[in-house]
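*Asks:* This is my_file.txt (compact mmCIF, C-alpha atoms and all ligand atoms).
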# COMPACT_ATOMS: atom_id res chain seq x y z
CA MET O 291 45.18 54.85 52.63
CA LYS O 292 42.47 53.18 54.68
CA CYS O 293 42.81 49.92 56.60
CA TRP O 294 40.85 47.38 54.57
CA ILE O 295 39.63 45.69 57.75
CA CYS O 296 38.23 48.56 59.84
CA GLY O 297 38.48 51.69 57.65
CA ASP O 298 40.84 53.61 59.96
CA GLU O 299 44.09 55.05 58.68
CA GLY O 300 46.27 52.16 57.48
CA THR O 301 49.92 52.64 58.32
CA THR O 302 51.32 49.09 58.50
CA GLY O 303 51.75 46.10 56.19
CA GLU O 304 51.19 42.47 57.14
CA HIS O 305 54.04 39.97 56.66
CA LYS O 306 53.41 37.71 53.66
CA THR O 307 55.14 34.91 55.52
CA LYS O 308 54.77 35.20 59.27
CA ALA O 309 57.93 36.52 60.91
CA SER O 310 57.95 33.63 63.42
CA ASP O 311 57.91 31.12 60.52
CA LEU O 312 60.82 32.91 58.84
CA ARG O 313 62.78 33.11 62.11
CA ALA O 314 62.24 29.39 62.74
CA LEU O 315 63.58 28.44 59.32
CA PHE O 316 66.24 31.16 58.98
CA PRO O 317 67.47 31.99 62.51
CA GLN O 318 70.72 33.68 61.43
CA VAL O 319 69.54 36.30 58.94
CA SER O 320 71.66 39.47 58.89
CA GLN O 321 73.15 41.91 56.40
CA LYS O 322 76.18 39.59 56.20
CA ASN O 323 74.03 36.48 55.97
CA PRO O 324 71.05 37.61 53.88
CA LEU O 325 68.06 35.76 52.49
CA TYR O 326 67.44 35.79 48.74
CA PHE O 327 63.90 36.71 47.81
CA HIS O 328 62.33 35.77 44.49
CA THR O 329 59.18 36.88 42.71
CA ASP O 330 58.18 36.75 39.06
CA GLN O 331 59.52 40.30 38.73
CA HIS O 332 62.68 40.08 40.87
CA LYS O 333 65.17 37.29 41.35
CA ASN O 334 67.82 37.02 44.05
CA LYS O 335 66.85 40.17 45.91
CA LYS O 336 69.12 40.28 48.98
CA VAL O 337 67.25 40.86 52.25
CA GLY O 338 69.23 41.33 55.45
CA SER O 339 66.41 41.40 58.00
CA ILE O 340 63.20 39.47 58.55
CA LYS O 341 61.55 42.79 59.42
CA SER O 342 62.23 44.09 55.89
CA ASP O 343 59.28 45.61 53.99
CA THR O 344 60.19 43.19 51.19
CA PHE O 345 58.34 40.50 53.15
CA LYS O 346 55.23 42.62 53.65
CA PHE O 347 52.06 43.28 51.68
CA THR O 348 51.56 46.81 50.44
CA ALA O 349 47.85 46.60 51.30
CA PRO O 350 47.41 48.96 54.27
CA ILE O 351 46.26 47.78 57.68
CA CYS O 352 46.03 49.97 60.78
CA ALA O 353 48.33 49.13 63.67
CA TYR O 354 45.40 48.00 65.86
CA CYS O 355 44.10 45.50 63.29
CA ASN O 356 47.60 44.25 62.50
CA ASN O 357 48.55 43.76 66.14
CA SER O 358 45.89 43.68 68.88
CA ARG O 359 42.83 42.70 66.87
CA THR O 360 44.48 39.75 65.17
CA ALA O 361 46.98 38.75 67.89
CA SER O 362 45.11 35.56 68.80
CA HIS O 363 44.95 34.59 65.11
CA ASP O 364 48.71 35.04 64.74
CA ARG O 365 49.38 33.06 67.93
CA ALA O 366 47.14 30.17 66.84
CA TRP O 367 48.98 29.83 63.52
CA GLU O 368 52.34 30.15 65.26
CA CYS O 369 51.35 27.28 67.55
CA LEU O 370 50.04 24.98 64.77
CA SER O 371 52.96 25.84 62.48
CA ARG O 372 55.51 25.00 65.21
CA PHE O 373 53.76 21.72 66.02
CA LEU O 374 53.69 20.63 62.36
CA ARG O 375 57.28 21.73 61.65
CA GLU O 376 58.75 20.12 64.75
CA LYS O 377 56.69 16.91 64.74
CA ARG O 378 58.82 13.73 64.88
CA PRO O 379 58.66 11.66 62.84
CA PRO O 380 58.03 14.47 60.33
CA ILE O 381 54.52 14.94 58.99
CA LYS O 382 53.67 13.00 55.87
CA LYS O 383 50.75 12.46 53.52
CA GLY O 384 47.96 10.55 55.23
CA ASP O 385 48.77 11.64 58.79
CA ALA O 386 45.87 12.68 60.98
CA ILE O 387 47.03 15.32 63.44
CA LEU O 388 45.23 15.18 66.79
CA LEU O 389 44.38 18.81 67.29
CA ASN O 390 43.80 18.55 71.03
CA LYS O 391 47.53 17.87 71.33
CA VAL O 392 48.16 21.22 69.63
CA PHE O 393 45.36 23.17 71.30
CA PRO O 394 44.39 21.38 74.53
CA SER O 395 40.73 22.21 75.33
CA SER O 396 40.47 24.98 72.72
CA VAL O 397 40.41 23.20 69.35
CA THR O 398 37.29 24.91 67.98
CA ARG O 399 38.28 28.45 68.93
CA SER O 400 41.96 28.04 68.04
CA MET O 401 41.24 26.54 64.63
CA LEU O 402 38.84 29.43 63.94
CA ASP O 403 41.78 31.69 64.81
CA VAL O 404 43.99 29.78 62.33
CA HIS O 405 41.29 30.26 59.67
CA LEU O 406 41.17 34.00 60.48
CA PHE O 407 44.98 34.26 60.22
CA PHE O 408 44.70 33.10 56.60
CA ILE O 409 41.69 35.39 56.05
CA LYS O 410 43.97 38.32 56.93
CA LEU O 411 46.68 37.20 54.48
CA PHE O 412 44.12 36.44 51.78
CA GLY O 413 42.46 39.86 52.23
CA CYS O 414 45.84 41.62 51.95
CA ALA O 415 46.61 39.74 48.71
CA ILE O 416 43.16 40.57 47.25
CA VAL O 417 43.59 44.27 48.01
CA GLU O 418 47.23 44.39 46.84
CA HIS O 419 46.52 42.71 43.51
CA GLY O 420 42.99 44.02 42.86
CA VAL O 421 41.54 40.48 42.68
CA PRO O 422 37.80 40.70 41.83
CA ILE O 423 36.62 39.15 45.11
CA ASP O 424 34.39 41.12 47.53
CA ILE O 425 36.67 42.13 50.40
CA ALA O 426 33.82 43.07 52.79
CA PRO O 427 33.15 39.50 54.05
CA PHE O 428 36.89 39.13 54.79
CA ALA O 429 36.82 42.27 56.96
CA GLU O 430 33.55 41.14 58.61
CA ALA O 431 34.99 37.74 59.49
CA ILE O 432 37.90 39.38 61.32
CA LEU O 433 35.82 42.12 62.96
CA GLN O 434 33.15 39.67 64.16
CA THR O 435 35.41 36.66 64.83
CA LYS O 436 33.40 34.40 62.55
CA PRO O 437 34.34 32.11 59.65
CA HIS O 438 34.30 33.25 56.03
CA SER O 439 31.94 30.71 54.46
CA LYS O 440 33.81 30.61 51.12
CA VAL O 441 37.42 30.22 52.33
CA HIS O 442 38.83 26.73 52.82
CA LEU O 443 42.24 25.45 53.91
CA ALA O 444 43.98 22.20 52.98
CA PHE O 445 47.19 21.13 54.72
CA TRP O 446 49.86 19.23 52.81
CA SER O 447 53.27 17.92 53.52
CA ALA O 448 55.81 18.61 50.78
CA SER O 449 59.51 19.16 50.39
CA ASP O 450 61.47 21.11 47.82
CA MET O 451 58.84 23.82 47.52
CA GLY O 452 60.99 26.40 49.34
CA THR O 453 59.42 28.87 51.72
CA GLY O 454 57.10 31.69 50.83
CA PHE O 455 53.88 32.60 49.18
CA SER O 456 52.79 31.35 45.76
CA ASN O 457 51.08 33.31 43.03
CA MET O 458 47.31 33.26 43.28
CA GLU O 459 45.47 31.52 40.47
CA THR O 460 41.97 32.81 39.89
CA TYR O 461 39.05 31.70 37.73
CA ASN O 462 36.73 34.53 36.82
CA VAL O 463 33.20 34.49 35.39
CA ASP O 464 31.69 37.74 34.12
CA GLY O 465 34.46 39.70 35.80
CA TYR O 466 34.03 38.09 39.23
CA CYS O 467 36.28 35.51 40.76
CA VAL O 468 34.50 32.22 41.48
CA PHE O 469 37.53 30.20 42.55
CA ALA O 470 40.99 31.28 43.73
CA THR O 471 43.83 29.17 45.05
CA TRP O 472 47.28 29.93 46.48
CA PHE O 473 49.87 28.32 48.73
CA TYR O 474 51.52 29.41 51.98
CA ILE O 475 54.69 27.37 52.26
CA VAL O 476 56.88 26.80 55.33
CA GLU O 477 58.70 23.54 54.75
CA PRO O 478 57.54 20.88 55.28
CA ILE O 479 54.07 22.40 55.54
CA VAL O 480 52.08 23.70 52.63
CA VAL O 481 48.74 25.37 53.28
CA ASN O 482 46.53 25.54 50.23
CA VAL O 483 44.19 28.49 50.73
CA MET O 484 41.11 28.48 48.51
CA TYR O 485 38.17 30.77 47.83
CA ALA O 486 35.21 28.98 46.27
CA GLU O 487 31.69 30.03 45.38
CA PRO O 488 29.21 27.38 46.66
CA ASN O 489 28.72 25.64 43.29
CA GLU O 490 32.46 25.27 42.61
CA CYS O 491 33.42 21.58 42.80
CA ARG O 492 37.20 21.65 42.67
CA GLN O 493 39.52 18.77 43.40
CA GLY O 494 41.49 20.84 45.90
CA LEU O 495 38.40 21.15 48.08
CA ILE O 496 38.02 17.40 48.63
CA HIS O 497 40.31 17.29 51.65
CA ALA O 498 39.98 20.94 52.56
CA TRP O 499 39.00 22.12 55.99
CA HIS O 500 36.55 24.81 57.14
CA PRO O 501 35.61 25.88 60.69
CA LYS O 502 32.02 24.65 60.08
CA ASN O 503 33.35 21.10 59.75
CA ILE O 504 35.48 21.13 62.85
CA SER O 505 37.05 17.81 63.69
CA GLU O 506 39.55 16.74 66.31
CA ARG O 507 41.76 15.44 63.49
CA LEU O 508 43.49 17.43 60.80
CA LEU O 509 44.20 15.33 57.73
CA ILE O 510 47.50 15.95 55.97
CA GLY O 511 47.46 15.65 52.20
CA GLY O 512 50.45 15.42 49.92
CA CYS O 513 51.63 15.81 46.40
ZN ZN U 601 42.11 48.52 61.02
Starting from the coordinates I provided, produce the structure as C-alpha cells.
Ligand SMILES: [Zn+2]
*Replies:*
Amino acid sequence: MKCWICGDEGTTGEHKTKASDLRALFPQVSQKNPLYFHTDQHKNKKVGSIKSDTFKFTAPICAYCNNSRTASHDRAWECLSRFLREKRPPIKKGDAILLNKVFPSSVTRSMLDVHLFFIKLFGCAIVEHGVPIDIAPFAEAILQTKPHSKVHLAFWSASDMGTGFSNMETYNVDGYCVFATWFYIVEPIVVNVMYAEPNECRQGLIHAWHPKNISERLLIGGC
C-alpha cells in the first residue's frame, strides 16, 4: 500500500486522536486500567495502551511522512491543544484566544502547521472511508507546506462530548463531495473540521478559520 501523501511504501497509521491528547486526558492507561473505545460498529472495546492500532487510521502513511515531514504540524497542535485544555479560567464560548501567547513570534507559521495537522487527519479519513473528495490537494498542502484552500477549522468549547473523532457527514452532488464536516474532540475543545467547495454557504463556516485569514485572535464558539 502506498503512502497517500508522497507515494512511497506506506507502513504506518496516523493516530485518529493525537497520542499526546490521549495521554493528557488519560494518563494512567494500562491493561489493568483500560480505555473503552466506541464506534458505530463496536461498543466498549477495551484498549490497554494508547499506542494501540485501535486508535489509528488504516490509511497507510510512510514513516517519513508520519514522523519527520509532519513533526512541526504535530508539535503546533500539541502546543495549541495544551494551551486550550489548561487555560484558567477554562475556555468558553465567546473567548478570543490571543495566539501570540500560544505561539510567541510565530503565529502565522504555527497556525499553518495546526491547519496542516488537521489536513493529515482529514486525508487519512478520506482515504480510509473512500470519501469522494480529491486527495491530491491534501497531499500537496503537506508536501509544499501551504494551506488547502477548501479546508476550514472552527474551535468550540463544549463539555459532555467525550473524547475522540466523530463520524464525517458529507453532502455529495453528482458523486462528488461538496461539503464535509467532522469533529475532533478533546474535552473541553472541539475542533470542527470542514471541507467546502467555494459556493457552499454553510452555517458552520461563519466563525471558521483558515490560514488565509490569519488573525492574532482565535474566536471560540460554543454549542
Ligand atoms: Zn509518505
*Asks:* Set the distance at 10 Å and use only C-alpha atoms: which residues neighbour Ser447 of chain O once local chain neighbours fewer than 4 positions away are removed? I'd like the list as a PyMOL selection string.
*Replies:* chain O and resi 374-375+380-385+475-481+510-513
*Asks:* Could you report the residues within 8 Å of ligand ZN 601 (chain U), using only C-alpha atoms and all ligand atoms, as a PDB file with C-alpha atoms, in the coordinates of the input?
*Replies:*
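The result, stored in out-v5.pdb:
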ATOM      1  CA  LYS O 292      42.470  53.180  54.680  1.00  0.00           C
ATOM      2  CA  CYS O 293      42.810  49.920  56.600  1.00  0.00           C
ATOM      3  CA  TRP O 294      40.850  47.380  54.570  1.00  0.00           C
ATOM      4  CA  ILE O 295      39.630  45.690  57.750  1.00  0.00           C
ATOM      5  CA  CYS O 296      38.230  48.560  59.840  1.00  0.00           C
ATOM      6  CA  GLY O 297      38.480  51.690  57.650  1.00  0.00           C
ATOM      7  CA  ASP O 298      40.840  53.610  59.960  1.00  0.00           C
ATOM      8  CA  GLU O 299      44.090  55.050  58.680  1.00  0.00           C
ATOM      9  CA  GLY O 300      46.270  52.160  57.480  1.00  0.00           C
ATOM     10  CA  ILE O 351      46.260  47.780  57.680  1.00  0.00           C
ATOM     11  CA  CYS O 352      46.030  49.970  60.780  1.00  0.00           C
ATOM     12  CA  ALA O 353      48.330  49.130  63.670  1.00  0.00           C
ATOM     13  CA  TYR O 354      45.400  48.000  65.860  1.00  0.00           C
ATOM     14  CA  CYS O 355      44.100  45.500  63.290  1.00  0.00           C
ATOM     15  CA  ASN O 356      47.600  44.250  62.500  1.00  0.00           C
TER      16      ASN O 356
END
*Asks:* Could you tell me how far atom CA of Lys440 of chain O lies from atom CA of Ser358 of chain O, in Å and to one decimal?
*Replies:* 25.1 Å
*Asks:* With a distance cut-off of 12 Å and all atoms listed in the file, select the neighbouring residues of Asn357 of chain O, excluding the residue or stretch itself and same-chain residues fewer than 4 positions from it, and output the selection as number ranges by chain.
*Replies:* O: 301-305, 351-353, 361-365, 407, 410
*Asks:* What separation in Å, quoted to one decimal, exists between atom CA of Ala314 of chain O and atom CA of Ile409 of chain O?
*Replies:*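 Spanning atom CA of Ala314 of chain O to atom CA of Ile409 of chain O is a straight-line distance of 22.4 Å.
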*Asks:* Have a look at O:Ala431, O:Leu509, O:Leu388, O:Ile423 and name the one nearest to Phe469 of chain O; count all atoms listed in the file.
*Replies:*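 Closest to Phe469 of chain O of all the choices is O:Ile423.
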*Asks:* Of the candidates O:Ala366, O:Val441, O:Ala470, O:Leu508, which shows the shortest atom-to-atom distance to Pro427 of chain O, using all atoms listed in the file?
*Replies:*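 For Pro427 of chain O, the nearest of the candidates is O:Val441.
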*Asks:* Distance atom CA of Asn503 of chain O-atom CA of Ser439 of chain O, one decimal place?
*Replies:*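 According to the coordinates, atom CA of Asn503 of chain O and atom CA of Ser439 of chain O are separated by 11.1 Å.
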*Asks:* Which residue out of O:Leu402, O:Leu433, O:Ala415, O:Leu315 has the minimum interatomic distance to Glu376 of chain O when only C-alpha atoms are used?
*Replies:*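 Distance minimum relative to Glu376 of chain O lands on O:Leu315.
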*Asks:* Looking at only C-alpha atoms, which of O:Ile504, O:Leu406, O:Leu389, O:Val421 is the one that sits closest to Asn462 of chain O?
*Replies:*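 Closest residue, counting only C-alpha atoms: O:Val421.
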*Asks:* At most 12 Å from (55.7, 28.2, 41.9), file frame, all atoms listed in the file: which residues, as a ChimeraX atom specification?
*Replies:* /O:328-330,450-459,472-475
